[in-house]
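Undergrad: Following this line is coords_4.csv, made up of CSV, C-alpha atoms:
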chain,number,residue,atom,x,y,z
A,1,GLY,CA,34.0,60.3,-40.6
A,2,LYS,CA,30.6,61.5,-41.7
A,3,ALA,CA,28.5,63.0,-39.0
A,4,LEU,CA,25.1,61.3,-38.4
A,5,SER,CA,22.1,63.3,-39.4
A,6,PRO,CA,19.1,63.5,-37.0
A,7,SER,CA,17.3,60.9,-39.1
A,8,ASN,CA,20.2,58.5,-39.2
A,9,ALA,CA,20.7,58.8,-35.5
A,10,ARG,CA,17.2,57.5,-34.8
A,11,TRP,CA,17.8,54.3,-36.8
A,12,PRO,CA,19.7,52.4,-34.1
A,13,LYS,CA,17.1,53.3,-31.5
A,14,ARG,CA,14.3,52.0,-33.8
A,15,ALA,CA,16.2,48.8,-34.5
A,16,LEU,CA,16.8,48.2,-30.7
A,17,GLY,CA,13.2,48.8,-30.0
A,18,ALA,CA,12.1,46.3,-32.7
A,19,ALA,CA,14.5,43.7,-31.2
A,20,ARG,CA,13.1,44.2,-27.8
A,21,ASN,CA,9.5,43.8,-29.1
A,22,ARG,CA,10.5,40.6,-30.8
A,23,ASP,CA,11.9,39.2,-27.6
A,24,ARG,CA,8.8,40.2,-25.7
A,25,SER,CA,6.6,38.7,-28.3
A,26,LYS,CA,8.5,35.4,-28.0
A,27,GLN,CA,8.0,35.4,-24.3
A,28,LEU,CA,4.3,36.1,-24.6
A,29,GLN,CA,4.0,33.3,-27.2
A,30,ALA,CA,5.7,31.0,-24.8
A,31,GLY,CA,3.1,32.0,-22.2
A,32,GLY,CA,0.3,30.7,-24.6
A,33,LEU,CA,-0.6,33.9,-26.5
A,34,ASN,CA,-1.1,33.9,-30.3
A,35,LEU,CA,0.5,36.5,-32.6
A,36,GLN,CA,-2.5,38.8,-32.6
A,37,GLU,CA,-2.8,38.7,-28.8
A,38,CYS,CA,1.0,39.4,-28.5
A,39,GLN,CA,0.7,42.5,-30.8
A,40,ALA,CA,-2.3,43.8,-28.8
A,41,CYS,CA,-0.3,43.5,-25.6
A,42,LEU,CA,2.7,45.3,-27.2
A,43,ASP,CA,0.4,48.1,-28.4
A,44,GLY,CA,-0.9,48.5,-24.8
A,45,LYS,CA,-4.3,47.0,-25.6
A,46,LEU,CA,-4.5,44.6,-22.6
A,47,ASP,CA,-7.4,42.1,-22.3
A,48,ARG,CA,-7.2,41.3,-18.6
A,49,ASP,CA,-9.7,38.4,-18.7
A,50,MET,CA,-7.7,36.8,-21.5
A,51,LEU,CA,-4.4,37.3,-19.7
A,52,CYS,CA,-5.8,35.9,-16.4
A,53,GLN,CA,-6.9,32.8,-18.3
A,54,ARG,CA,-3.5,32.4,-19.9
A,55,LEU,CA,-1.8,32.9,-16.6
A,56,ALA,CA,-3.9,30.2,-15.0
A,57,VAL,CA,-3.1,27.8,-17.8
A,58,LEU,CA,0.6,28.6,-17.5
A,59,ASP,CA,0.6,28.1,-13.7
A,60,ALA,CA,-1.0,24.7,-14.2
A,61,GLU,CA,1.6,23.7,-16.7
A,62,ILE,CA,4.4,24.8,-14.4
A,63,ALA,CA,2.9,22.8,-11.5
A,64,GLU,CA,2.7,19.7,-13.7
A,65,LYS,CA,6.3,20.2,-14.9
A,66,GLY,CA,7.3,20.5,-11.3
A,67,LYS,CA,5.6,17.2,-10.5
A,68,SER,CA,7.4,15.6,-13.4
A,69,ARG,CA,10.7,17.0,-12.3
A,70,ASP,CA,10.1,15.8,-8.7
A,71,LEU,CA,9.3,12.3,-9.9
A,72,LEU,CA,12.5,12.2,-12.1
A,73,ALA,CA,14.5,13.3,-9.1
A,74,ALA,CA,12.9,10.7,-6.9
A,75,LEU,CA,13.5,7.9,-9.4
A,76,LEU,CA,17.2,9.0,-9.3
A,77,GLY,CA,17.2,8.7,-5.6
A,78,GLN,CA,17.4,12.4,-4.9
A,79,SER,CA,14.1,12.5,-2.9
A,80,SER,CA,11.4,10.3,-1.5
A,81,LEU,CA,9.0,8.3,-3.8
A,82,LYS,CA,6.4,7.9,-1.0
A,83,ASP,CA,3.7,10.2,-2.5
A,84,TRP,CA,4.2,8.7,-5.9
A,85,HIS,CA,3.9,5.1,-4.7
A,86,GLU,CA,0.8,5.9,-2.7
A,87,GLU,CA,-0.9,7.5,-5.7
A,88,VAL,CA,-0.1,4.7,-8.1
A,89,GLU,CA,-1.1,2.0,-5.6
A,90,ARG,CA,-4.5,3.8,-5.2
A,91,VAL,CA,-5.2,4.3,-8.9
A,92,ALA,CA,-3.7,1.1,-10.5
A,93,PRO,CA,-2.4,-1.4,-7.9
A,94,ASP,CA,-1.8,-4.2,-10.4
A,95,LEU,CA,0.2,-2.0,-12.7
A,96,HIS,CA,2.1,-0.7,-9.7
A,97,ARG,CA,3.1,-4.2,-8.6
A,98,ALA,CA,4.0,-5.3,-12.1
A,99,TRP,CA,6.2,-2.2,-12.6
A,100,LEU,CA,8.0,-2.8,-9.3
A,101,MET,CA,8.7,-6.4,-10.4
A,102,SER,CA,10.1,-5.1,-13.7
A,103,GLN,CA,12.6,-3.1,-11.5
A,104,GLY,CA,13.8,-6.4,-9.9
A,105,PHE,CA,11.6,-6.9,-6.9
A,106,SER,CA,10.0,-10.2,-6.2
A,107,SER,CA,6.2,-10.2,-6.1
A,108,ALA,CA,6.4,-10.5,-2.3
A,109,GLU,CA,8.8,-7.5,-2.1
A,110,ALA,CA,6.7,-5.5,-4.5
A,111,GLY,CA,3.8,-5.8,-2.1
A,112,LEU,CA,6.0,-4.6,0.8
A,113,VAL,CA,7.3,-1.6,-1.3
A,114,ALA,CA,3.7,-0.7,-2.2
A,115,LEU,CA,2.2,-0.9,1.2
A,116,VAL,CA,5.0,-0.7,3.8
A,117,SER,CA,8.2,1.1,2.8
A,118,LYS,CA,6.5,3.0,-0.1
A,119,ASP,CA,9.9,4.0,-1.5
A,120,MET,CA,11.8,1.6,-3.7
A,121,ASN,CA,15.0,3.6,-3.3
A,122,ALA,CA,14.9,3.4,0.5
A,123,HIS,CA,13.2,0.0,0.8
A,124,ASN,CA,16.0,-2.0,2.3
A,125,ALA,CA,16.9,0.6,4.9
A,126,TYR,CA,13.2,1.1,5.8
A,127,MET,CA,12.6,-2.7,6.1
A,128,ALA,CA,15.7,-3.1,8.3
A,129,GLY,CA,14.2,-0.7,10.8
A,130,PHE,CA,10.7,-2.2,10.4
A,131,MET,CA,11.9,-5.7,11.0
A,132,GLU,CA,13.9,-4.5,14.1
A,133,VAL,CA,10.6,-3.5,15.6
A,134,PHE,CA,8.7,-6.6,14.7
A,135,ALA,CA,11.4,-9.0,15.6
A,136,GLY,CA,10.5,-8.3,19.2
A,137,LEU,CA,6.8,-8.9,18.8
A,138,GLY,CA,4.6,-12.1,19.0
A,139,TRP,CA,1.6,-10.9,17.0
A,140,TRP,CA,2.4,-9.2,13.7
A,141,GLY,CA,-1.2,-8.2,13.1
A,142,PRO,CA,-4.5,-8.2,14.9
A,143,GLY,CA,-5.6,-11.6,16.2
A,144,THR,CA,-6.1,-13.9,19.2
A,145,ALA,CA,-6.0,-17.6,19.8
A,146,ASP,CA,-9.7,-17.5,20.5
A,147,ALA,CA,-10.5,-15.9,17.1
A,148,THR,CA,-8.4,-18.7,15.4
A,149,ARG,CA,-10.3,-21.4,17.3
A,150,ARG,CA,-13.7,-19.8,16.6
A,151,ALA,CA,-12.9,-19.7,12.8
A,152,LEU,CA,-11.6,-23.3,13.0
A,153,GLY,CA,-15.0,-24.3,14.6
A,154,MET,CA,-16.8,-23.1,11.5
A,155,LEU,CA,-15.1,-25.7,9.2
A,156,PRO,CA,-17.6,-28.4,8.1
A,157,PHE,CA,-14.9,-31.1,8.4
A,158,ALA,CA,-11.8,-32.0,10.3
A,159,PRO,CA,-8.9,-30.8,8.2
A,160,GLY,CA,-6.2,-33.2,7.1
A,161,MET,CA,-3.9,-30.7,5.5
A,162,ILE,CA,-3.6,-26.9,6.1
A,163,LEU,CA,-1.6,-24.4,4.1
A,164,GLU,CA,-0.9,-21.3,6.2
A,165,ILE,CA,0.0,-18.3,4.1
A,166,GLY,CA,1.8,-15.4,5.8
A,167,CYS,CA,2.3,-17.2,9.1
A,168,GLY,CA,4.6,-14.6,10.6
A,169,PRO,CA,6.2,-15.8,13.8
A,170,GLY,CA,3.5,-18.5,14.1
A,171,MET,CA,0.9,-17.4,16.7
A,172,ALA,CA,-2.0,-18.8,14.7
A,173,THR,CA,0.1,-21.8,13.5
A,174,MET,CA,0.6,-23.1,17.1
A,175,THR,CA,-3.1,-22.7,17.8
A,176,LEU,CA,-4.0,-24.7,14.7
A,177,ALA,CA,-1.5,-27.4,15.6
A,178,GLU,CA,-2.8,-27.7,19.2
A,179,ALA,CA,-6.5,-27.7,18.1
A,180,THR,CA,-6.2,-30.2,15.1
A,181,ARG,CA,-4.4,-33.3,13.9
A,182,ALA,CA,-3.8,-31.7,10.5
A,183,ARG,CA,-0.4,-31.6,8.9
A,184,ILE,CA,0.4,-27.9,8.5
A,185,THR,CA,2.7,-26.2,6.0
A,186,ALA,CA,3.4,-22.7,7.4
A,187,THR,CA,4.8,-20.2,4.8
A,188,ASP,CA,6.2,-16.7,4.9
A,189,THR,CA,9.1,-14.8,3.3
A,190,ALA,CA,10.5,-13.1,6.5
A,191,GLU,CA,13.2,-15.4,7.8
A,192,VAL,CA,13.3,-13.7,11.2
A,193,ALA,CA,9.6,-14.7,11.6
A,194,LEU,CA,10.2,-18.2,10.4
A,195,ASP,CA,13.1,-18.6,12.8
A,196,LYS,CA,10.8,-17.7,15.7
A,197,LEU,CA,8.2,-20.2,14.5
A,198,ARG,CA,10.8,-22.9,14.2
A,199,ALA,CA,11.8,-22.3,17.8
A,200,ARG,CA,8.2,-22.5,18.9
A,201,ILE,CA,7.8,-25.8,17.0
A,202,ALA,CA,10.8,-27.3,18.7
A,203,ALA,CA,9.8,-26.1,22.1
A,204,GLY,CA,6.2,-27.5,21.7
A,205,GLY,CA,7.2,-30.8,20.1
A,206,PHE,CA,5.4,-30.2,16.9
A,207,ALA,CA,8.2,-31.0,14.4
A,208,ASP,CA,6.2,-34.0,12.9
A,209,GLN,CA,3.1,-31.9,12.4
A,210,ILE,CA,4.3,-28.5,11.1
A,211,ALA,CA,6.6,-27.9,8.1
A,212,VAL,CA,8.0,-24.4,7.6
A,213,GLN,CA,8.8,-23.0,4.2
A,214,ASN,CA,9.9,-19.7,2.8
A,215,VAL,CA,7.4,-19.2,0.0
A,216,ASP,CA,6.2,-16.1,-1.8
A,217,MET,CA,2.4,-15.8,-1.3
A,218,ALA,CA,2.0,-14.5,-4.9
A,219,ALA,CA,3.8,-17.5,-6.4
A,220,ILE,CA,2.6,-20.6,-4.4
A,221,PRO,CA,3.3,-23.7,-6.5
A,222,ALA,CA,0.4,-26.0,-7.4
A,223,PRO,CA,0.3,-28.8,-4.8
A,224,GLU,CA,0.4,-32.5,-5.8
A,225,ARG,CA,-2.9,-32.8,-3.8
A,226,PRO,CA,-5.2,-29.8,-3.4
A,227,TRP,CA,-5.3,-28.4,0.1
A,228,ASP,CA,-8.2,-29.0,2.5
A,229,VAL,CA,-7.8,-25.6,4.2
A,230,ILE,CA,-5.8,-22.4,3.4
A,231,TRP,CA,-5.3,-20.2,6.4
A,232,ALA,CA,-4.3,-16.5,6.0
A,233,GLU,CA,-4.7,-14.3,9.0
A,234,GLY,CA,-3.8,-10.7,8.2
A,235,SER,CA,-1.8,-11.4,5.1
A,236,ALA,CA,-4.0,-11.4,2.0
A,237,TYR,CA,-3.9,-7.6,1.8
A,238,ILE,CA,-0.3,-7.8,0.7
A,239,ILE,CA,-1.2,-9.1,-2.7
A,240,GLY,CA,-4.7,-7.8,-2.6
A,241,VAL,CA,-7.7,-9.6,-1.2
A,242,GLU,CA,-9.5,-10.0,-4.5
A,243,ARG,CA,-6.4,-11.5,-6.1
A,244,ALA,CA,-5.9,-13.8,-3.1
A,245,LEU,CA,-9.5,-15.0,-3.4
A,246,ARG,CA,-9.0,-15.8,-7.1
A,247,ASP,CA,-5.5,-17.3,-7.0
A,248,TRP,CA,-5.7,-19.3,-3.8
A,249,ARG,CA,-9.1,-20.9,-4.8
A,250,GLN,CA,-7.2,-22.9,-7.4
A,251,LEU,CA,-5.1,-24.5,-4.6
A,252,LEU,CA,-8.1,-25.8,-2.7
A,253,ARG,CA,-10.0,-29.0,-3.3
A,254,PRO,CA,-13.7,-28.7,-4.1
A,255,GLY,CA,-15.4,-28.1,-0.8
A,256,GLY,CA,-12.1,-26.9,0.7
A,257,VAL,CA,-12.1,-23.8,2.9
A,258,LEU,CA,-10.2,-20.5,2.8
A,259,VAL,CA,-9.9,-18.6,6.1
A,260,VAL,CA,-8.8,-15.0,5.8
A,261,SER,CA,-8.8,-12.0,8.2
A,262,ASP,CA,-8.6,-8.4,6.9
A,263,MET,CA,-8.9,-4.9,8.2
A,264,VAL,CA,-12.3,-3.5,7.3
A,265,TRP,CA,-14.4,-0.4,7.7
A,266,ARG,CA,-17.1,-0.3,10.4
A,267,THR,CA,-18.7,2.9,9.2
A,268,ASP,CA,-19.4,4.6,5.9
A,269,THR,CA,-18.5,8.0,7.4
A,270,PRO,CA,-15.2,7.8,9.2
A,271,ASP,CA,-13.4,10.9,10.6
A,272,ASP,CA,-11.3,12.7,8.0
A,273,GLU,CA,-8.1,11.8,9.8
A,274,ILE,CA,-9.0,8.1,9.9
A,275,ARG,CA,-10.1,8.1,6.2
A,276,ALA,CA,-6.9,9.9,5.1
A,277,PHE,CA,-4.7,7.4,7.0
A,278,TRP,CA,-6.2,4.3,5.5
A,279,ALA,CA,-6.4,5.9,2.1
A,280,SER,CA,-2.6,6.0,2.1
A,281,GLU,CA,-1.9,2.9,4.1
A,282,TYR,CA,-4.5,0.5,2.7
A,283,PRO,CA,-6.4,2.1,-0.2
A,284,ALA,CA,-8.3,-1.2,-1.0
A,285,MET,CA,-9.8,-1.5,2.5
A,286,ALA,CA,-13.5,-2.3,2.3
A,287,THR,CA,-16.5,-3.2,4.4
A,288,PRO,CA,-17.3,-6.8,5.4
A,289,ALA,CA,-20.3,-6.7,3.0
A,290,THR,CA,-18.0,-5.8,0.1
A,291,ARG,CA,-15.5,-8.6,0.9
A,292,ILE,CA,-18.4,-11.1,1.1
A,293,ALA,CA,-19.7,-10.0,-2.3
A,294,GLN,CA,-16.1,-10.3,-3.7
A,295,ALA,CA,-15.8,-13.8,-2.2
A,296,MET,CA,-19.1,-15.0,-3.7
A,297,ARG,CA,-18.1,-13.6,-7.2
A,298,ALA,CA,-14.8,-15.5,-6.9
A,299,GLY,CA,-16.6,-18.8,-6.3
A,300,TYR,CA,-17.0,-19.2,-2.5
A,301,ARG,CA,-19.9,-19.8,-0.2
A,302,VAL,CA,-19.6,-17.9,3.1
A,303,LEU,CA,-19.7,-20.3,6.0
A,304,GLY,CA,-19.3,-17.4,8.5
A,305,HIS,CA,-17.6,-14.2,9.4
A,306,PHE,CA,-17.0,-12.2,12.6
A,307,ASP,CA,-15.3,-9.2,14.2
A,308,ILE,CA,-12.2,-10.3,16.1
A,309,GLY,CA,-13.1,-7.5,18.5
A,310,THR,CA,-11.2,-4.9,20.6
A,311,GLU,CA,-9.1,-7.6,22.3
A,312,GLY,CA,-7.7,-8.8,19.0
A,313,MET,CA,-6.8,-5.2,18.0
A,314,GLU,CA,-5.1,-4.5,21.3
A,315,THR,CA,-3.2,-7.8,21.2
A,316,TYR,CA,-1.3,-6.3,18.3
A,317,TYR,CA,-1.3,-2.5,19.0
A,318,ARG,CA,-0.4,-2.5,22.8
A,319,PRO,CA,2.8,-4.5,22.4
A,320,LEU,CA,3.7,-2.5,19.3
A,321,ALA,CA,3.4,0.7,21.2
A,322,ALA,CA,5.6,-0.7,24.0
A,323,ARG,CA,8.2,-1.9,21.5
A,324,LEU,CA,8.4,1.5,19.9
A,325,GLU,CA,9.1,3.1,23.3
A,326,ALA,CA,11.9,0.6,23.9
A,327,LEU,CA,13.5,1.4,20.6
A,328,GLU,CA,12.9,5.1,20.6
A,329,SER,CA,16.5,6.1,20.8
A,330,ASP,CA,17.6,3.6,18.1
A,331,LEU,CA,14.9,4.7,15.7
A,332,ALA,CA,14.9,8.4,16.5
A,333,GLY,CA,14.2,10.5,13.4
A,334,SER,CA,13.3,7.4,11.2
A,335,ARG,CA,10.2,7.2,9.1
A,336,VAL,CA,9.6,3.8,10.5
A,337,LEU,CA,9.1,5.3,14.0
A,338,LYS,CA,6.9,8.1,12.6
A,339,ASP,CA,4.7,5.8,10.5
A,340,LEU,CA,4.1,3.2,13.2
A,341,ARG,CA,3.4,5.9,15.8
A,342,ARG,CA,0.9,7.5,13.5
A,343,GLU,CA,-0.8,4.1,13.0
A,344,ILE,CA,-1.1,3.6,16.8
A,345,ALA,CA,-2.6,7.2,17.1
A,346,VAL,CA,-5.2,6.3,14.4
A,347,PHE,CA,-6.0,3.1,16.3
A,348,GLU,CA,-6.6,5.1,19.5
A,349,ALA,CA,-8.7,7.7,17.7
A,350,GLY,CA,-10.7,5.4,15.5
A,351,HIS,CA,-12.4,2.9,17.8
A,352,GLY,CA,-15.6,1.7,16.2
A,353,GLN,CA,-14.6,3.1,12.8
A,354,PHE,CA,-12.5,0.2,11.6
A,355,GLY,CA,-11.5,-3.2,12.8
A,356,CYS,CA,-10.5,-6.7,11.7
A,357,GLU,CA,-12.9,-9.3,10.3
A,358,MET,CA,-12.4,-13.0,10.0
A,359,PHE,CA,-14.0,-14.7,7.0
A,360,VAL,CA,-14.5,-18.5,6.6
A,361,LEU,CA,-15.2,-19.3,2.9
A,362,GLU,CA,-15.9,-22.7,1.2
A,363,ARG,CA,-14.9,-23.3,-2.4
A,364,VAL,CA,-18.0,-24.2,-4.5
Would you mind giving the structure from this file in structure tokens?

TA:
Amino acid sequence: GKALSPSNARWPKRALGAARNRDRSKQLQAGGLNLQECQACLDGKLDRDMLCQRLAVLDAEIAEKGKSRDLLAALLGQSSLKDWHEEVERVAPDLHRAWLMSQGFSSAEAGLVALVSKDMNAHNAYMAGFMEVFAGLGWWGPGTADATRRALGMLPFAPGMILEIGCGPGMATMTLAEATRARITATDTAEVALDKLRARIAAGGFADQIAVQNVDMAAIPAPERPWDVIWAEGSAYIIGVERALRDWRQLLRPGGVLVVSDMVWRTDTPDDEIRAFWASEYPAMATPATRIAQAMRAGYRVLGHFDIGTEGMETYYRPLAARLEALESDLAGSRVLKDLRREIAVFEAGHGQFGCEMFVLERV
């Protein structure tokens, strides 16, 4: 064949160099540079400030893509959705609950996913462990019989009918039955709790006074006759206090009373650890003053409110701590054990920074 001349021999090298430059130019364009900036880089005329800016933008895009990838993986059950659920619940709780219901959860279960399990993919397993803990407890939230009686004493009339929402195993239910002649309908969606209440009713001889029903607090049917009193100790937060104030008002007769208890802030400057915990566990937590303002806007007159005190908090947290110790081997390594122990640690560290407030509200 014909031998290559020195000029012809340089052509493949020039072609190869041009191809490499095109590849590098494409890579630089993918990094956010325009054609003029790409050529300047290839010519060795580097603008460091410009490149640093483009690098920062690219890093941000990669981080955002990583979050999107993590979310898709979590939705497919390949990782935890906890962080995502917490963020959406903080930013748009109503949309969060509506989306969960579109995925097949009832409104009651949507609330439990949003605030308790925080992972729709692991919800059933989490709640099984959670209910194993609470099945051995009397109080499922802060409270005392004295606090229930004190709130009852603020009613301006003797109630004839009481609807209790989120009754749990019935600690407040039994106090209401003992202290009044009212006919009480106690509702919850946790059958293990309702079974414990049924046993208490039978043992106390209150079968003619207390009816027990499995009812979703977010979908309570309109009664044939409006209720005199709606009682909700430690349960309104599940659907959101503001929604509870609005929706449950329609179930009361004019002049009827709504009694709710809720976890509240006692300071505007909590410790960082305490603030961070409640920001994830109950992002809508507010001060008593805020709750009172919300109640007035929703159409209530405040008959009274009070702090249930340290005793009411310890009535819940001390038995919970003992229960976790008893189940430590069964729950070892579970998120249920980790989450509840963290809550107890926050309770121990946060005295005076948060607590539970009882509100007695009259429909106007």

Undergrad: To one decimal place, how far is atom CA of Val302 of chain A from atom CA of Glu357 of chain A in Å?

TA: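 Calculated distance between atom CA of Val302 of chain A and atom CA of Glu357 of chain A is 13.1 Å.
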
Undergrad: Let me make sure I understand: among A:Ile201, A:Val91, A:Leu81, A:Ala279, which one has the smallest atom-to-atom distance to Lys118 of chain A if we use only C-alpha atoms?

TA: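 Closest residue, counting only C-alpha atoms: A:Leu81.
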
Undergrad: Pick out the closest residue to Val364 of chain A from this set: A:Met296, A:Ala222, A:Leu58, A:Ala30. Count all atoms listed in the file.

TA: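 Ranking A:Met296, A:Ala222, A:Leu58, A:Ala30 by distance to Val364 of chain A, first place goes to A:Met296.
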
Undergrad: Determine the nearest neighbour of Phe354 of chain A from the options A:Ala60, A:Ala147, A:Ala286, A:Leu320, counting all atoms listed in the file.

TA: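 Looking only at the distances to Phe354 of chain A, the closest residue turns out to be A:Ala286.
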
Undergrad: Using all atoms listed in the file, pick whichever of A:Leu115, A:Ala289, A:Leu251, A:Leu100 has the shortest atom-to-atom distance to Pro221 of chain A.

TA: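 Going through A:Leu115, A:Ala289, A:Leu251, A:Leu100 one by one, the smallest distance to Pro221 of chain A is for A:Leu251.
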
Undergrad: Grab the atom CA of Arg341 of chain A to atom CA of Trp139 of chain A distance for me, in Å with one decimal place.

TA: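 So the two atoms, atom CA of Arg341 of chain A and atom CA of Trp139 of chain A, lie 16.9 Å apart.
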
Undergrad: Using only C-alpha atoms, find the one residue out of A:Met174, A:Ala114, A:Val133, A:Ile220 that sits nearest to Asp188 of chain A.

TA: A:Ile220

Undergrad: Within 6 Å of (3.6, -16.3, 7.3), only C-alpha atoms: residues as a ChimeraX atom specification?

TA: /A:165-168,187-188

Undergrad: Please produce a file of the residues just selected, as a CSV table (one decimal), in the coordinates of the input, where the atoms kept are C-alpha atoms.

TA:
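After the write, selection_30.csv holds the following:
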chain,number,residue,atom,x,y,z
A,165,ILE,CA,0.0,-18.3,4.1
A,166,GLY,CA,1.8,-15.4,5.8
A,167,CYS,CA,2.3,-17.2,9.1
A,168,GLY,CA,4.6,-14.6,10.6
A,187,THR,CA,4.8,-20.2,4.8
A,188,ASP,CA,6.2,-16.7,4.9

Undergrad: In Å, how far is it from atom CA of Arg200 of chain A to atom CA of Pro169 of chain A?

TA: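 Taking atom CA of Arg200 of chain A and atom CA of Pro169 of chain A, their separation equals 8.7 Å.
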
Undergrad: Would you mind completing segment 184-191 of chain A so that it carries all heavy atoms, and writing it out as a short mmCIF file (atom, residue, chain, number, x, y, z; two decimals), in the coordinates of the input?

TA:
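Everything below was put into selection-v8.cif:
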data_model
loop_
_atom_site.label_atom_id
_atom_site.label_comp_id
_atom_site.auth_asym_id
_atom_site.auth_seq_id
_atom_site.Cartn_x
_atom_site.Cartn_y
_atom_site.Cartn_z
N ILE A 184 0.41 -29.32 8.86
CA ILE A 184 0.40 -27.90 8.50
C ILE A 184 1.68 -27.50 7.83
O ILE A 184 2.78 -27.83 8.30
CB ILE A 184 0.23 -27.05 9.83
CG1 ILE A 184 -1.05 -27.45 10.57
CG2 ILE A 184 0.25 -25.56 9.51
CD1 ILE A 184 -1.12 -26.90 11.99
N THR A 185 1.53 -26.79 6.71
CA THR A 185 2.70 -26.20 6.00
C THR A 185 2.55 -24.67 6.24
O THR A 185 1.61 -24.05 5.73
CB THR A 185 2.72 -26.51 4.54
OG1 THR A 185 2.83 -27.93 4.38
CG2 THR A 185 3.92 -25.83 3.88
N ALA A 186 3.46 -24.11 7.02
CA ALA A 186 3.40 -22.70 7.40
C ALA A 186 4.42 -21.94 6.49
O ALA A 186 5.61 -22.29 6.46
CB ALA A 186 3.74 -22.48 8.83
N THR A 187 3.95 -20.90 5.78
CA THR A 187 4.80 -20.20 4.80
C THR A 187 4.85 -18.70 5.09
O THR A 187 3.89 -18.10 5.56
CB THR A 187 4.31 -20.41 3.38
OG1 THR A 187 3.03 -19.79 3.22
CG2 THR A 187 4.18 -21.89 3.07
N ASP A 188 6.01 -18.13 4.78
CA ASP A 188 6.20 -16.70 4.90
C ASP A 188 7.51 -16.40 4.11
O ASP A 188 8.19 -17.33 3.66
CB ASP A 188 6.33 -16.23 6.33
CG ASP A 188 5.88 -14.77 6.53
OD1 ASP A 188 6.48 -13.90 5.87
OD2 ASP A 188 4.96 -14.52 7.31
N THR A 189 7.85 -15.13 3.95
CA THR A 189 9.10 -14.80 3.30
C THR A 189 10.07 -14.07 4.29
O THR A 189 11.20 -13.77 3.92
CB THR A 189 8.91 -13.87 2.09
OG1 THR A 189 8.16 -12.73 2.47
CG2 THR A 189 8.18 -14.62 0.98
N ALA A 190 9.62 -13.79 5.51
CA ALA A 190 10.50 -13.10 6.50
C ALA A 190 11.17 -14.18 7.33
O ALA A 190 10.56 -14.83 8.19
CB ALA A 190 9.61 -12.22 7.39
N GLU A 191 12.46 -14.36 7.10
CA GLU A 191 13.20 -15.40 7.80
C GLU A 191 13.25 -15.18 9.30
O GLU A 191 13.25 -16.13 10.07
CB GLU A 191 14.63 -15.52 7.24
CG GLU A 191 14.73 -16.39 6.00
CD GLU A 191 14.33 -17.85 6.25
OE1 GLU A 191 14.60 -18.36 7.36
OE2 GLU A 191 13.74 -18.46 5.36
#
